[in-house]
>>> print(open('entry-v1.tsv').read())   # TSV, C-alpha atoms
chain	number	residue	atom	x	y	z
A	53	MET	CA	112.51	94.70	137.18
A	54	ALA	CA	116.08	95.24	136.05
A	55	THR	CA	116.84	98.05	133.64
A	56	ARG	CA	119.65	97.75	131.12
A	57	LEU	CA	122.04	100.70	131.08
A	58	ILE	CA	124.31	101.15	128.05
A	59	TYR	CA	127.25	103.54	127.84
A	60	PHE	CA	129.14	104.91	124.84
A	61	ALA	CA	132.40	106.74	124.03
A	62	TRP	CA	134.02	108.52	127.01
A	63	VAL	CA	131.04	107.79	129.25
A	64	ARG	CA	131.73	104.08	128.67
A	65	GLU	CA	135.48	104.48	129.22
A	66	ARG	CA	135.12	106.44	132.46
A	67	ILE	CA	132.48	104.14	133.96
A	68	GLY	CA	134.56	101.16	132.87
A	69	THR	CA	131.86	99.00	131.32
A	70	SER	CA	129.74	99.12	128.17
A	71	GLU	CA	126.52	97.89	129.78
A	72	GLU	CA	125.00	96.64	133.00
A	73	ASP	CA	121.63	95.62	134.40
A	74	VAL	CA	120.58	97.56	137.49
A	75	GLU	CA	117.68	97.51	139.92
A	76	LEU	CA	116.64	101.13	140.23
A	77	PRO	CA	115.89	102.21	143.81
A	78	ASP	CA	112.51	103.73	144.66
A	79	GLY	CA	112.26	107.43	143.95
A	80	ILE	CA	114.19	107.38	140.66
A	81	GLU	CA	111.50	108.77	138.38
A	82	THR	CA	113.21	110.84	135.73
A	83	VAL	CA	116.39	110.72	133.66
A	84	GLY	CA	117.77	113.50	135.89
A	85	ASP	CA	117.13	111.36	139.02
A	86	LEU	CA	118.91	108.44	137.36
A	87	LEU	CA	121.99	110.56	136.52
A	88	ARG	CA	122.20	111.87	140.11
A	89	TRP	CA	121.89	108.34	141.54
A	90	LEU	CA	124.44	106.84	139.14
A	91	LYS	CA	126.93	109.58	139.91
A	92	SER	CA	127.02	108.43	143.54
A	93	ARG	CA	127.91	104.83	142.66
A	94	GLY	CA	131.69	105.23	142.52
A	95	GLU	CA	134.67	107.10	141.16
A	96	GLY	CA	134.19	106.12	137.49
A	97	TYR	CA	130.55	107.18	137.57
A	98	GLU	CA	131.51	110.42	139.30
A	99	GLN	CA	134.06	111.14	136.57
A	100	ALA	CA	131.72	110.24	133.72
A	101	LEU	CA	128.78	112.21	135.09
A	102	GLN	CA	130.64	115.16	136.60
A	103	TYR	CA	128.77	117.54	134.29
A	104	PRO	CA	125.37	115.88	133.93
A	105	ASP	CA	124.05	118.66	131.64
A	106	VAL	CA	126.29	117.50	128.77
A	107	ILE	CA	125.18	113.85	128.99
A	108	ARG	CA	122.74	112.78	126.27
A	109	VAL	CA	120.23	110.05	127.04
A	110	ALA	CA	118.16	107.68	124.93
A	111	ILE	CA	115.34	105.51	126.25
A	112	ASN	CA	114.55	102.43	124.17
A	113	GLN	CA	116.77	103.91	121.42
A	114	GLU	CA	115.09	107.33	121.18
A	115	HIS	CA	116.55	110.65	122.35
A	116	VAL	CA	114.92	112.06	125.50
A	117	ASP	CA	115.33	115.12	127.75
A	118	HIS	CA	116.54	114.86	131.34
A	119	GLY	CA	113.00	115.54	132.56
A	120	GLU	CA	111.64	112.42	130.85
A	121	LYS	CA	110.04	109.75	133.08
A	122	ILE	CA	111.89	106.44	132.96
A	123	SER	CA	109.17	104.08	134.14
A	124	GLY	CA	108.91	101.10	131.83
A	125	ALA	CA	112.25	101.73	130.12
A	126	ARG	CA	113.92	98.49	128.99
A	127	GLU	CA	117.11	100.11	127.81
A	128	ILE	CA	118.58	103.46	128.81
A	129	ALA	CA	121.72	104.69	127.04
A	130	LEU	CA	124.04	107.45	128.29
A	131	PHE	CA	126.52	109.08	125.96
A	132	PRO	CA	128.37	112.32	125.13
A	133	PRO	CA	127.17	114.74	122.42
A	134	MET	CA	127.37	112.97	119.08
A	135	THR	CA	130.18	113.54	116.59
A	136	GLY	CA	129.25	111.46	113.55
A	137	GLY	CA	128.91	112.54	109.95
B	76	MET	CA	103.51	113.95	96.65
B	77	THR	CA	105.86	111.00	96.93
B	78	GLY	CA	104.72	109.59	100.23
B	79	ALA	CA	105.67	106.08	99.22
B	80	VAL	CA	109.42	106.82	99.14
B	81	VAL	CA	111.24	104.69	101.70
B	82	PRO	CA	114.74	105.83	102.67
B	83	PHE	CA	117.64	103.43	102.10
B	84	VAL	CA	119.72	103.47	105.32
B	85	ARG	CA	122.80	101.38	106.03
B	86	ILE	CA	125.28	101.35	108.89
B	87	GLN	CA	128.30	99.34	107.82
B	88	ALA	CA	132.03	98.84	108.37
B	89	GLN	CA	132.87	98.47	104.68
B	90	ASP	CA	133.27	101.26	102.15
B	91	PHE	CA	130.52	102.29	99.73
B	92	ASP	CA	130.50	102.90	95.97
B	93	VAL	CA	129.05	106.35	95.19
B	94	ALA	CA	128.22	105.52	91.54
B	95	ALA	CA	126.47	102.29	92.56
B	96	GLU	CA	124.44	104.17	95.18
B	97	ILE	CA	123.33	106.78	92.61
B	98	ALA	CA	122.37	103.94	90.24
B	99	ARG	CA	120.34	102.28	93.01
B	100	LEU	CA	118.06	105.36	93.04
B	101	THR	CA	117.99	106.21	89.34
B	102	GLN	CA	118.16	102.89	87.49
B	103	GLY	CA	115.12	102.05	85.41
B	104	ARG	CA	113.31	105.35	85.91
B	105	ALA	CA	113.08	108.57	83.93
B	106	ASP	CA	111.27	110.90	86.35
B	107	ILE	CA	114.36	111.97	88.32
B	108	GLY	CA	115.85	115.26	87.17
B	109	ALA	CA	118.32	115.89	90.00
B	110	VAL	CA	120.65	113.81	92.14
B	111	VAL	CA	122.68	115.44	94.90
B	112	THR	CA	125.36	113.43	96.69
B	113	PHE	CA	127.34	114.38	99.76
B	114	SER	CA	130.37	112.36	100.85
B	115	GLY	CA	132.10	112.95	104.18
B	116	LEU	CA	135.75	111.85	104.27
B	117	CYS	CA	138.34	111.37	106.99
B	118	ARG	CA	140.91	114.23	107.07
B	119	ASP	CA	144.53	113.68	108.15
B	120	GLU	CA	144.56	116.88	110.27
B	121	ALA	CA	147.79	118.21	108.72
B	122	GLY	CA	149.44	114.80	108.79
B	123	SER	CA	148.91	114.16	112.50
B	124	LEU	CA	146.07	111.66	112.29
B	125	SER	CA	146.51	107.96	111.46
B	126	ALA	CA	142.84	106.98	111.77
B	127	LEU	CA	139.45	107.87	113.14
B	128	GLU	CA	137.62	105.21	115.09
B	129	LEU	CA	133.86	105.51	114.86
B	130	GLU	CA	131.82	104.03	117.67
B	131	HIS	CA	128.06	103.74	117.20
B	132	TYR	CA	124.92	102.60	118.99
B	133	PRO	CA	123.79	99.56	116.98
B	134	GLY	CA	120.06	99.62	116.40
B	135	MET	CA	119.57	103.24	117.39
B	136	ALA	CA	122.00	104.49	114.71
B	137	GLU	CA	119.86	102.93	111.96
B	138	ALA	CA	116.60	103.98	113.64
B	139	GLU	CA	117.65	107.59	114.20
B	140	ILE	CA	118.97	108.11	110.66
B	141	ALA	CA	115.78	106.52	109.30
B	142	ARG	CA	113.70	108.95	111.43
B	143	ILE	CA	115.67	111.95	110.05
B	144	ALA	CA	115.45	110.63	106.48
B	145	THR	CA	111.71	110.08	106.82
B	146	GLU	CA	111.31	113.67	107.96
B	147	ALA	CA	113.29	114.85	104.91
B	148	ILE	CA	110.90	112.88	102.70
B	149	GLU	CA	107.95	114.63	104.40
B	150	ARG	CA	109.52	118.05	103.84
B	151	TRP	CA	110.58	117.81	100.20
B	152	PRO	CA	109.22	116.04	97.10
B	153	LEU	CA	111.93	113.39	96.78
B	154	GLN	CA	112.07	110.33	94.58
B	155	GLY	CA	114.76	108.61	96.57
B	156	LEU	CA	116.97	109.16	99.63
B	157	THR	CA	119.99	107.17	100.75
B	158	ALA	CA	122.14	107.50	103.86
B	159	ILE	CA	125.13	105.25	104.54
B	160	HIS	CA	127.34	105.72	107.60
B	161	ARG	CA	130.46	103.68	108.27
B	162	HIS	CA	131.74	102.58	111.66
B	163	GLY	CA	135.04	101.15	112.89
B	164	LYS	CA	138.53	102.37	112.04
B	165	ILE	CA	138.72	104.71	109.05
B	166	ALA	CA	141.99	105.99	107.56
B	167	PRO	CA	142.54	109.53	106.24
B	168	GLY	CA	141.20	109.85	102.70
B	169	GLU	CA	138.57	107.15	103.21
B	170	ASN	CA	134.83	107.69	103.12
B	171	ILE	CA	132.83	108.06	106.34
B	172	VAL	CA	129.33	109.02	105.28
B	173	LEU	CA	127.22	109.25	102.12
B	174	VAL	CA	123.93	110.98	101.43
B	175	VAL	CA	122.19	110.70	98.06
B	176	ALA	CA	119.00	112.66	97.41
B	177	ALA	CA	117.00	112.33	94.19
B	178	SER	CA	114.17	114.59	93.05
B	179	ALA	CA	112.51	115.98	89.94
B	180	HIS	CA	114.18	119.40	90.41
B	181	ARG	CA	117.47	120.34	92.05
B	182	HIS	CA	116.16	122.48	94.90
B	183	ALA	CA	114.53	119.62	96.83
B	184	ALA	CA	117.56	117.34	96.42
B	185	PHE	CA	120.04	120.01	97.62
B	186	GLU	CA	117.88	120.99	100.60
B	187	ALA	CA	117.16	117.41	101.65
B	188	ALA	CA	120.83	116.39	101.51
B	189	ASN	CA	121.78	119.44	103.55
B	190	PHE	CA	119.03	118.82	106.12
B	191	LEU	CA	119.93	115.17	106.47
B	192	MET	CA	123.60	115.95	107.12
B	193	ASP	CA	122.80	118.72	109.64
B	194	TYR	CA	120.58	116.43	111.67
B	195	LEU	CA	122.77	113.38	111.27
B	196	LYS	CA	125.71	115.32	112.78
B	197	SER	CA	123.85	116.29	115.92
B	198	ARG	CA	121.40	113.38	116.40
B	199	ALA	CA	122.83	110.15	114.94
B	200	PRO	CA	124.56	108.18	117.73
B	201	PHE	CA	128.15	108.06	116.46
B	202	TRP	CA	131.32	109.16	118.26
B	203	LYS	CA	134.75	109.75	116.72
B	204	LYS	CA	137.99	108.92	118.46
B	205	GLU	CA	141.31	110.07	117.02
B	206	HIS	CA	144.37	107.90	116.61
B	207	ARG	CA	147.59	109.83	116.08
B	208	ILE	CA	150.48	109.11	113.70
B	209	ASP	CA	152.87	108.98	116.69
B	210	GLY	CA	150.89	106.05	118.14
B	211	SER	CA	149.19	108.02	120.88
B	212	GLU	CA	145.45	108.10	121.40
B	213	GLY	CA	144.21	111.52	120.41
B	214	GLY	CA	141.05	111.27	122.45
B	215	TRP	CA	137.39	111.77	121.61
B	216	VAL	CA	136.46	114.47	119.13
B	217	ASP	CA	134.48	117.28	120.79
B	218	ALA	CA	131.04	118.07	119.49
B	219	ASN	CA	131.06	121.13	117.28
B	220	GLU	CA	128.86	124.03	118.40
B	221	ALA	CA	128.42	125.10	114.76
B	222	ASP	CA	127.01	121.66	113.87
B	223	ALA	CA	124.46	121.91	116.68
B	224	LYS	CA	123.45	125.41	115.47
B	225	ALA	CA	123.23	124.24	111.84
B	226	ALA	CA	120.46	121.81	112.74
B	227	GLN	CA	118.48	124.58	114.45
B	228	ARG	CA	118.06	126.62	111.27
B	229	TRP	CA	115.48	124.15	109.93
B	230	LYS	CA	112.03	125.16	111.13
B	231	PRO	CA	109.98	122.44	112.82
B	232	LEU	CA	107.32	120.84	110.64
B	233	GLU	CA	103.83	122.18	111.33
>>> encode(input="entry-v1.tsv", output="structure tokens")
Amino acid sequence: MATRLIYFAWVRERIGTSEEDVELPDGIETVGDLLRWLKSRGEGYEQALQYPDVIRVAINQEHVDHGEKISGAREIALFPPMTGG
Amino acid sequence: MTGAVVPFVRIQAQDFDVAAEIARLTQGRADIGAVVTFSGLCRDEAGSLSALELEHYPGMAEAEIARIATEAIERWPLQGLTAIHRHGKIAPGENIVLVVAASAHRHAAFEAANFLMDYLKSRAPFWKKEHRIDGSEGGWVDANEADAKAAQRWKPLE
């Protein structure tokens, strides 16, 4: 099953796309696994995810920690710390 | 308790009218003794900024602000709570965000407005990009450590 990945702000700019559907390889169980796998997909990903600790993640539009399991996620969003208000 | 209060949350490109938003909460009722409003505006950063561009996560922005507003309603006896956040390009001097909290007494309205802004800053999915007067892109605004700390001063609900 494909998972939709959505990127915002400088994560979006560095990766070079605002969203994509990906088939996650076996063994990608947590948000942290996903970030490590994505980082290896090319230069833009490497640049965007150079410091994975600062990347915020939402699954199905709710904030989650990097230890969260991603099984069943329809939509996973990656973005920098928020600066609204 | 006022468990039936439903927050009014809007994410929109257009400006808002503060007086109209106060009236939306107070019109036709006589049990509200306090209304606190907070408006966040775009600064010109000593004349160097031509605009802020606000990117947001459609769907989650509404949902997250509604979650924070609902928690505020659980914490304080409010009679109404409004949060409006703009997106898109915003010029210096223009409004960015509005919070209106209504309660019987001032304490709850002040606290709820403060709480909502603290959490909105660190949890609502919005990102500001600067555009400079000289035409250059100023880059993405860095998250403020003080804003993150401000949200931590509110004790979790039991």
>>> interface_residues(input="entry-v1.tsv", of="chain A", to="chain B", cutoff="6 Å", atoms="all atoms listed in the file", output="PDB file with C-alpha atoms, in the frame of the given file")
ATOM      1  CA  GLN A 113     116.770 103.910 121.420  1.00  0.00           C
ATOM      2  CA  PRO A 133     127.170 114.740 122.420  1.00  0.00           C
ATOM      3  CA  MET A 134     127.370 112.970 119.080  1.00  0.00           C
ATOM      4  CA  THR A 135     130.180 113.540 116.590  1.00  0.00           C
ATOM      5  CA  GLY A 136     129.250 111.460 113.550  1.00  0.00           C
ATOM      6  CA  GLY A 137     128.910 112.540 109.950  1.00  0.00           C
TER       7      GLY A 137
END
>>> closest_residue(input="entry-v1.tsv", among="B:Pro231, B:Gly155, B:Gly108, B:Pro167", to="His206 (chain B)", atoms="only C-alpha atoms")
B:Pro167
>>> closest_residue(input="entry-v1.tsv", among="B:Ala221, B:Val84, B:Ala144, B:Leu127", to="Asn170 (chain B)", atoms="all atoms listed in the file")
B:Leu127
>>> atom_distance(input="entry-v1.tsv", atom1="CA of Asp209 (chain B)", atom2="CA of Asp119 (chain B)")
12.8 Å
>>> residues_around(input="entry-v1.tsv", residues="Gly68 (chain A)", least_positions_apart="2", cutoff="12 Å", atoms="all atoms listed in the file", output="list in words")
Ile58, Tyr59, Phe60, Ala61, Trp62, Val63, Arg64, Glu65, Arg66, Ser70, Glu71, Glu72, Gly94, Glu95, Gly96, Tyr97, Glu98, Gln99 and Ala100 of chain A
>>> closest_residue(input="entry-v1.tsv", among="A:Leu90, A:Leu101, A:Ile67, A:Ala125", to="Thr55 (chain A)", atoms="only C-alpha atoms")
A:Ala125
>>> atom_distance(input="entry-v1.tsv", atom1="CA of Ile165 (chain B)", atom2="CA of Phe91 (chain B)")
12.6 Å
>>> closest_residue(input="entry-v1.tsv", among="A:Asp117, A:Asn112, A:Pro104, A:Ser92", to="Pro132 (chain A)", atoms="only C-alpha atoms")
A:Pro104
>>> closest_residue(input="entry-v1.tsv", among="B:Thr157, B:Ala176, B:Gly213, B:Thr112", to="Arg85 (chain B)", atoms="only C-alpha atoms")
B:Thr157
>>> atom_distance(input="entry-v1.tsv", atom1="CA of Arg108 (chain A)", atom2="CA of Ala187 (chain B)")
25.7 Å
>>> closest_residue(input="entry-v1.tsv", among="B:Arg99, B:Glu205, B:Phe190, B:Ser211", to="Lys230 (chain B)", atoms="all atoms listed in the file")
B:Phe190
>>> residues_near_point(input="entry-v1.tsv", point="(116.5, 111.8, 136.1)", cutoff="12 Å", atoms="all atoms listed in the file", output="PyMOL selection string")
chain A and resi 76+79-91+104-105+107-109+111+116-123+128+130
>>> residues_around(input="entry-v1.tsv", residues="Pro152 (chain B)", least_positions_apart="5", cutoff="12 Å", atoms="all atoms listed in the file", output="PDB file with C-alpha atoms, in the coordinates of the input")
ATOM      1  CA  MET B  76     103.510 113.950  96.650  1.00  0.00           C
ATOM      2  CA  THR B  77     105.860 111.000  96.930  1.00  0.00           C
ATOM      3  CA  GLY B  78     104.720 109.590 100.230  1.00  0.00           C
ATOM      4  CA  ALA B  79     105.670 106.080  99.220  1.00  0.00           C
ATOM      5  CA  VAL B  80     109.420 106.820  99.140  1.00  0.00           C
ATOM      6  CA  ILE B 107     114.360 111.970  88.320  1.00  0.00           C
ATOM      7  CA  GLY B 108     115.850 115.260  87.170  1.00  0.00           C
ATOM      8  CA  ALA B 109     118.320 115.890  90.000  1.00  0.00           C
ATOM      9  CA  THR B 145     111.710 110.080 106.820  1.00  0.00           C
ATOM     10  CA  GLU B 146     111.310 113.670 107.960  1.00  0.00           C
ATOM     11  CA  ALA B 147     113.290 114.850 104.910  1.00  0.00           C
ATOM     12  CA  ALA B 176     119.000 112.660  97.410  1.00  0.00           C
ATOM     13  CA  ALA B 177     117.000 112.330  94.190  1.00  0.00           C
ATOM     14  CA  SER B 178     114.170 114.590  93.050  1.00  0.00           C
ATOM     15  CA  ALA B 179     112.510 115.980  89.940  1.00  0.00           C
ATOM     16  CA  HIS B 180     114.180 119.400  90.410  1.00  0.00           C
ATOM     17  CA  ARG B 181     117.470 120.340  92.050  1.00  0.00           C
ATOM     18  CA  HIS B 182     116.160 122.480  94.900  1.00  0.00           C
ATOM     19  CA  ALA B 183     114.530 119.620  96.830  1.00  0.00           C
ATOM     20  CA  ALA B 184     117.560 117.340  96.420  1.00  0.00           C
ATOM     21  CA  PHE B 185     120.040 120.010  97.620  1.00  0.00           C
ATOM     22  CA  GLU B 186     117.880 120.990 100.600  1.00  0.00           C
ATOM     23  CA  ALA B 187     117.160 117.410 101.650  1.00  0.00           C
TER      24      ALA B 187
END
